[in-house]
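**Q** Next comes upload-v1.txt, compact mmCIF, C-alpha atoms and all ligand atoms:
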# COMPACT_ATOMS: atom_id res chain seq x y z
CA MET A 1 141.04 61.65 102.60
CA SER A 2 143.13 60.17 99.82
CA ALA A 3 143.07 62.47 96.80
CA PRO A 4 142.89 61.18 93.22
CA PRO A 5 145.75 61.95 90.81
CA ARG A 6 145.87 65.41 89.24
CA THR A 7 145.79 63.93 85.75
CA VAL A 8 142.24 62.89 84.93
CA LEU A 9 141.73 59.70 82.88
CA THR A 10 138.35 58.29 81.89
CA ALA A 11 137.82 54.51 82.06
CA SER A 12 135.44 52.74 79.71
CA PRO A 13 132.54 50.96 81.47
CA ALA A 14 134.20 47.59 80.79
CA GLU A 15 137.57 48.79 82.11
CA GLU A 16 135.92 50.23 85.22
CA ALA A 17 134.04 46.96 85.88
CA ALA A 18 137.22 44.89 85.47
CA ILE A 19 139.11 47.10 87.92
CA ARG A 20 136.35 46.86 90.51
CA ALA A 21 136.31 43.05 90.16
CA ALA A 22 140.10 42.86 90.56
CA VAL A 23 140.00 45.02 93.70
CA ARG A 24 137.29 42.77 95.18
CA ALA A 25 139.35 39.66 94.36
CA ALA A 26 142.46 41.11 96.11
CA ASP A 27 144.53 38.35 94.55
CA GLY A 28 147.55 37.40 96.66
CA HIS A 29 146.83 39.84 99.48
CA THR A 30 145.73 39.28 103.07
CA VAL A 31 142.76 41.62 103.33
CA ALA A 32 142.63 43.34 106.74
CA GLY A 33 139.64 42.23 108.78
CA PRO A 34 138.47 42.27 112.42
CA ALA A 35 141.11 39.65 113.32
CA HIS A 36 143.87 42.14 112.39
CA VAL A 37 142.68 45.12 114.45
CA GLU A 38 144.93 44.31 117.44
CA GLY A 39 147.99 43.86 115.22
CA LEU A 40 147.28 47.07 113.30
CA LEU A 41 146.73 48.95 116.55
CA ALA A 42 150.14 47.82 117.84
CA LEU A 43 151.78 48.64 114.49
CA LEU A 44 150.22 52.09 114.06
CA SER A 45 150.62 53.13 117.71
CA ASP A 46 154.32 53.53 116.96
CA PRO A 47 154.89 57.11 115.68
CA ALA A 48 157.87 55.82 113.66
CA VAL A 49 155.30 53.88 111.63
CA SER A 50 152.24 56.14 111.52
CA GLY A 51 153.80 59.62 111.94
CA PRO A 52 154.48 60.34 108.24
CA ILE A 53 151.12 59.05 106.96
CA TYR A 54 148.45 61.73 106.58
CA ASP A 55 145.37 59.65 105.85
CA LEU A 56 145.27 57.42 108.93
CA PRO A 57 142.48 57.82 111.50
CA ARG A 58 143.51 59.98 114.50
CA PRO A 59 143.80 59.45 117.33
CA ILE A 60 144.88 55.85 116.80
CA THR A 61 142.75 53.76 119.17
CA ARG A 62 141.21 50.28 118.99
CA GLU A 63 137.89 51.90 118.00
CA THR A 64 139.26 54.18 115.27
CA VAL A 65 141.40 51.37 113.83
CA ALA A 66 138.40 48.95 113.86
CA ALA A 67 136.27 51.59 112.08
CA TRP A 68 139.04 52.19 109.51
CA VAL A 69 139.31 48.44 108.81
CA ALA A 70 135.51 48.17 108.43
CA GLU A 71 135.31 51.27 106.22
CA SER A 72 138.17 50.01 104.03
CA GLU A 73 136.40 46.65 103.65
CA ALA A 74 133.14 48.36 102.63
CA LEU A 75 135.10 50.36 100.04
CA ARG A 76 136.77 47.14 98.80
CA GLN A 77 133.35 45.61 98.19
CA ASP A 78 132.70 48.66 96.00
CA GLY A 79 136.04 48.12 94.22
CA ARG A 80 137.61 51.29 95.65
CA CYS A 81 140.10 50.26 98.33
CA LEU A 82 142.34 47.43 99.45
CA LEU A 83 143.72 47.47 102.98
CA SER A 84 146.09 44.54 103.36
CA VAL A 85 148.49 43.36 106.03
CA ASN A 86 151.73 41.40 105.82
CA PHE A 87 153.64 39.28 108.31
CA ASP A 88 157.23 38.42 109.21
CA GLU A 89 158.62 34.87 109.33
CA ALA A 90 157.52 34.53 112.95
CA GLY A 91 153.95 35.40 111.97
CA ALA A 92 153.95 38.87 113.59
CA MET A 93 152.44 41.78 111.66
CA ALA A 94 155.25 43.42 109.67
CA GLY A 95 153.40 46.16 107.83
CA TYR A 96 150.32 47.28 105.96
CA THR A 97 149.44 48.61 102.53
CA ARG A 98 146.36 50.63 101.62
CA ILE A 99 145.56 51.04 97.96
CA THR A 100 142.88 53.56 97.02
CA VAL A 101 141.31 53.13 93.60
CA TRP A 102 139.20 55.43 91.41
CA PRO A 103 137.84 52.78 89.01
CA GLU A 104 136.05 55.34 86.80
CA ARG A 105 139.46 56.98 86.24
CA ALA A 106 141.53 53.75 86.02
CA SER A 107 143.70 55.41 88.66
CA GLY A 108 144.96 54.69 92.13
CA GLU A 109 147.26 55.61 94.96
CA LEU A 110 149.23 53.71 97.56
CA ALA A 111 150.15 54.25 101.19
CA GLY A 112 151.81 51.95 103.65
CA ALA A 113 154.41 51.38 106.30
CA ARG A 114 156.73 48.77 107.72
CA ARG A 115 157.30 47.99 111.39
CA ALA A 116 160.04 50.21 112.85
CA ASP A 117 162.57 47.39 113.30
CA LEU A 118 162.17 46.45 109.63
CA GLN A 119 162.68 49.99 108.31
CA ASN A 120 166.00 51.11 106.77
CA SER A 121 166.70 47.59 105.60
CA GLY A 122 166.49 48.37 101.90
CA GLY A 123 163.00 46.94 101.54
CA GLY A 124 161.33 50.27 100.78
CA ARG A 125 162.18 50.52 97.13
CA SER A 126 161.39 46.85 96.38
CA GLY A 127 158.12 47.13 98.34
CA VAL A 128 156.97 50.15 96.32
CA ALA A 129 158.04 48.50 93.06
CA ARG A 130 156.15 45.30 93.92
CA SER A 131 152.93 47.14 94.82
CA VAL A 132 153.13 49.31 91.72
CA ALA A 133 153.61 46.27 89.44
CA TRP A 134 150.59 44.61 91.06
CA MET A 135 148.42 47.73 90.65
CA PHE A 136 149.23 47.99 86.93
CA GLU A 137 149.26 44.28 86.08
CA VAL A 138 146.59 42.76 88.32
CA LEU A 139 144.25 45.68 89.06
CA GLY A 140 144.62 46.98 85.51
CA LEU A 141 145.14 50.62 86.52
CA ARG A 142 146.62 53.04 83.96
CA LEU A 143 147.80 55.78 86.35
CA ILE A 144 149.19 55.94 89.90
CA GLY A 145 149.59 59.22 91.81
CA LEU A 146 151.64 59.21 95.03
CA THR A 147 152.34 61.73 97.77
CA ALA A 148 154.87 61.92 100.59
CA ALA A 149 155.61 64.46 103.30
CA LEU A 150 158.23 67.00 102.17
CA ASP A 151 160.76 65.61 104.67
CA ASN A 152 160.10 61.89 104.04
CA VAL A 153 163.46 61.15 102.41
CA ARG A 154 163.07 57.35 102.43
CA SER A 155 159.66 57.43 100.74
CA ALA A 156 160.87 59.96 98.18
CA LYS A 157 163.87 57.78 97.30
CA ALA A 158 161.73 54.66 97.02
CA ILE A 159 159.17 56.48 94.83
CA ASP A 160 161.85 58.09 92.61
CA GLY A 161 163.54 54.69 92.41
CA ALA A 162 160.33 53.06 91.14
CA GLY A 163 160.41 55.48 88.20
CA PHE A 164 157.72 57.98 89.23
CA LYS A 165 157.88 61.54 87.80
CA ARG A 166 158.00 64.39 90.31
CA MET A 167 155.21 66.87 89.63
CA GLY A 168 155.71 69.51 92.31
CA GLU A 169 153.78 69.78 95.55
CA VAL A 170 150.15 69.35 96.57
CA GLU A 171 148.15 70.07 99.71
CA SER A 172 146.97 66.85 101.37
CA VAL A 173 143.89 67.12 103.59
CA LYS A 174 144.14 65.14 106.84
CA PRO A 175 141.03 63.46 108.32
CA ASP A 176 140.79 66.32 110.86
CA GLY A 177 140.62 68.86 108.01
CA THR A 178 144.11 70.28 108.50
CA ILE A 179 146.49 70.57 105.56
CA ARG A 180 149.85 68.90 105.00
CA ARG A 181 152.06 69.90 102.09
CA SER A 182 153.24 66.86 100.15
CA LEU A 183 155.56 66.02 97.32
CA TYR A 184 153.59 64.64 94.39
CA TRP A 185 154.48 62.01 91.75
CA GLU A 186 152.72 60.26 88.89
CA LEU A 187 153.50 57.16 86.83
CA THR A 188 151.44 55.77 83.93
CA ARG A 189 151.22 52.11 83.00
CA ALA A 190 152.71 52.91 79.58
CA GLU A 191 155.77 54.60 81.18
CA TRP A 192 156.14 51.70 83.62
CA ALA A 193 155.86 49.10 80.84
CA ARG A 194 158.50 50.94 78.75
CA MET A 195 160.82 51.01 81.76
CA HIS A 196 160.43 47.26 82.24
CA ARG A 197 160.50 46.57 78.46
CA LEU A 198 157.08 44.90 78.54
C1 LIG A 201 158.84 54.45 103.85
C2 LIG A 201 159.26 53.02 104.19
C3 LIG A 201 158.18 52.03 103.72
C4 LIG A 201 160.58 52.73 103.43
O1 LIG A 201 161.04 51.45 103.75
P1 LIG A 201 162.53 51.23 104.32
O2 LIG A 201 162.79 49.77 104.32
O3 LIG A 201 162.65 51.95 105.61
O4 LIG A 201 163.37 52.01 103.23
P2 LIG A 201 164.77 51.66 102.62
O5 LIG A 201 165.72 51.12 103.65
O6 LIG A 201 164.53 50.84 101.38
O7 LIG A 201 165.23 53.13 102.21
C5 LIG A 201 164.63 53.82 101.12
C6 LIG A 201 165.68 54.70 100.47
O8 LIG A 201 165.99 55.79 101.36
C7 LIG A 201 167.41 55.84 101.59
N1 LIG A 201 167.61 56.35 102.94
C8 LIG A 201 167.27 55.76 104.11
N2 LIG A 201 167.56 56.59 105.14
C9 LIG A 201 168.06 57.73 104.60
C10 LIG A 201 168.54 58.96 105.14
N3 LIG A 201 168.53 59.18 106.45
N4 LIG A 201 168.97 59.90 104.29
C11 LIG A 201 168.99 59.70 102.95
N5 LIG A 201 168.55 58.55 102.38
C12 LIG A 201 168.10 57.58 103.20
C13 LIG A 201 167.87 54.42 101.36
O9 LIG A 201 169.24 54.35 101.01
C14 LIG A 201 166.99 53.98 100.20
O10 LIG A 201 167.47 54.54 98.99
P3 LIG A 201 167.76 53.60 97.72
O11 LIG A 201 166.48 52.92 97.37
O12 LIG A 201 168.21 54.58 96.67
O13 LIG A 201 168.81 52.64 98.16
C15 LIG A 201 159.50 52.81 105.71
O14 LIG A 201 160.62 53.60 106.11
C16 LIG A 201 158.31 53.20 106.56
O15 LIG A 201 157.43 52.38 106.80
N6 LIG A 201 158.30 54.46 107.09
C17 LIG A 201 157.23 54.96 107.95
C18 LIG A 201 155.93 55.18 107.21
C19 LIG A 201 156.07 55.95 105.92
O16 LIG A 201 156.79 56.92 105.83
N7 LIG A 201 155.32 55.49 104.92
C20 LIG A 201 155.29 56.09 103.60
C21 LIG A 201 154.38 57.25 103.54
S1 LIG A 201 154.41 57.99 101.91
Translate the structure of the given file into structure tokens.
**A**
Amino acid sequence: MSAPPRTVLTASPAEEAAIRAAVRAADGHTVAGPAHVEGLLALLSDPAVSGPIYDLPRPITRETVAAWVAESEALRQDGRCLLSVNFDEAGAMAGYTRITVWPERASGELAGARRADLQNSGGGRSGVARSVAWMFEVLGLRLIGLTAALDNVRSAKAIDGAGFKRMGEVESVKPDGTIRRSLYWELTRAEWARMHRL
């Protein structure tokens, strides 16, 4: 139920096609597939990981996670989503990232989590910054809109730290139709490039 940014951009047909192609290519990412369902199930079964994230399937079971992986892959083929997983040095699943893209609007959003034992280690801000740079530079997006639960202090700090502008609150719709109030941020590629003197 990811919602597109409030600001509405219009992509040219060529820009839209390039974004879709970049999402399909998923350069540098490990795209989640059937082989990752067990790892994702273990990761997301921990409420410290999945609790703050509104757009995950609920309840979290092997079946709902497998369906979510398959649905995300179908959306990737359409250039609209990238569900990727990452691993620690021992090869165990360390976290996931799910990027939702609206190619016709050159816009996207990002959600993700790290395994509980890896949280609070200072990786949040650098993780957000890395994903945002990839979405602007490799996917070619021009706008990213992000949300976080009102009480998600760590996410808010990481998002503020990446240079996003706070734009009040929005109502996020969970897969079961219930509403969660969220903080809302936006960042454009031009603002990001200025910040990094590109
Ligand atoms: C959100 C998440 C990815 C952040 O990663 P992390 O490694 O835990 O975060 P960090 O250790 O980098 O902390 C982020 C910031 O919050 C601050 N922080 C951490 N705990 C805090 C607390 N209790 N009070 C105030 N600030 C706190 C840190 O100092 C850091 O600020 P800084 O960047 O200015 O130094 C991770 O906590 C996570 O996976 N959480 C569960 C899922 C989730 O919430 N996903 C995001 C949904 S929008």
**Q** Select all residues near (141.1, 50.7, 96.2) (cut-off 9 Å, inclusive, file coordinates), counting only C-alpha atoms, and output them as a list in words.
**A** Arg20, Val23, Arg24, Ser72, Leu75, Arg76, Asp78, Gly79, Arg80, Cys81, Leu82, Leu83, Arg98, Ile99, Thr100, Val101, Trp102, Pro103, Gly108, Glu109 and Leu110 of chain A
**Q** Record the distance separating atom CA of A:Ala48 and atom C12 of ligand LIG 201 (chain A), expressed in Å with one decimal.
**A** 14.7 Å
**Q** Specify the axis-aligned box that encloses all atoms of ligand LIG 201 (chain A) listed in the file after padding of 4 Å on each side, stating its centre and edge lengths in Å to one decimal as JSON.
**A**
{"center_x": 161.8, "center_y": 54.8, "center_z": 102.3, "size_x": 22.9, "size_y": 18.1, "size_z": 19.3}
**Q** Could you list, as number ranges by chain, all the residues within 6 Å of ligand LIG 201 (chain A), counting all atoms listed in the file?
**A** A: 48-50, 52-53, 111-114, 119-125, 147-148, 153-155, 157-158
**Q** Need to verify the contact set: stretch 5-14 of chain A, 12 Å, all atoms listed in the file, exclusion of same-chain residues closer than 4 positions in sequence. Can you return it as number ranges by chain?
**A** A: 18-21, 100-110, 140-147, 167-172, 184-188
**Q** What does the structure give for the distance between atom CA of A:Met135 and atom CA of A:Asn152, in Å to one decimal?
**A**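 Atom CA of A:Asn152 lies at a distance of 22.7 Å from atom CA of A:Met135.
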**Q** What gap, in Å, lies between atom CA of A:Gly33 and atom CA of A:Ser45?
**A**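 One can read the atom CA of A:Gly33 to atom CA of A:Ser45 distance as 17.9 Å.
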**Q** Please provide the set of residues having any atom within 9 Å of A:Gly163, restricted to all atoms listed in the file, with same-chain residues fewer than 2 positions apart removed, written as number ranges by chain.
**A** A: 129, 158-161, 165, 187, 191-192, 195
**Q** Nearest to A:Arg58: which of A:Ala156, A:Ala32, A:Leu198, A:Lys174 is it, counting only C-alpha atoms?
**A**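 For A:Arg58, the nearest of the given residues is A:Lys174.
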**Q** Measuring atom to atom with all atoms listed in the file, identify which of A:Asp117, A:Asp55, A:Asp151, A:Glu63 is nearest to A:Leu41.
**A**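 Selected residue with least distance to A:Leu41: A:Glu63.
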**Q** So, with only C-alpha atoms as the atoms that count, which of A:Val173, A:Met93, A:Leu139, A:His36 lies closest to A:Ala70?
**A**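 Checking each of A:Val173, A:Met93, A:Leu139, A:His36 against A:Ala70, counting only C-alpha atoms, the winner is A:His36.
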**Q** What residues have an atom no more than 10 Å from (145.5, 37.9, 91.9) in the file's own frame, counting all atoms listed in the file, and can you write them as a short mmCIF file (atom, residue, chain, number, x, y, z; two decimals) with C-alpha atoms, in the frame of the given file?
**A**
data_model
loop_
_atom_site.label_atom_id
_atom_site.label_comp_id
_atom_site.auth_asym_id
_atom_site.auth_seq_id
_atom_site.Cartn_x
_atom_site.Cartn_y
_atom_site.Cartn_z
CA ALA A 22 140.10 42.86 90.56
CA VAL A 23 140.00 45.02 93.70
CA ALA A 25 139.35 39.66 94.36
CA ALA A 26 142.46 41.11 96.11
CA ASP A 27 144.53 38.35 94.55
CA GLY A 28 147.55 37.40 96.66
CA HIS A 29 146.83 39.84 99.48
CA TRP A 134 150.59 44.61 91.06
CA GLU A 137 149.26 44.28 86.08
CA VAL A 138 146.59 42.76 88.32
CA LEU A 139 144.25 45.68 89.06
#
**Q** Given all atoms listed in the file as the basis, pick out the residue of A:Pro34, A:Gly177, A:Gly51, A:Gly95 nearest to A:Val65.
**A**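 Selected residue with least distance to A:Val65: A:Pro34.
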**Q** My list of candidates is A:Tyr54, A:Leu43, A:Ala74, A:Arg130. Which is closest to A:Ala94 when distances are computed with all atoms listed in the file?
**A**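 Smallest separation from A:Ala94 among the options: A:Leu43.
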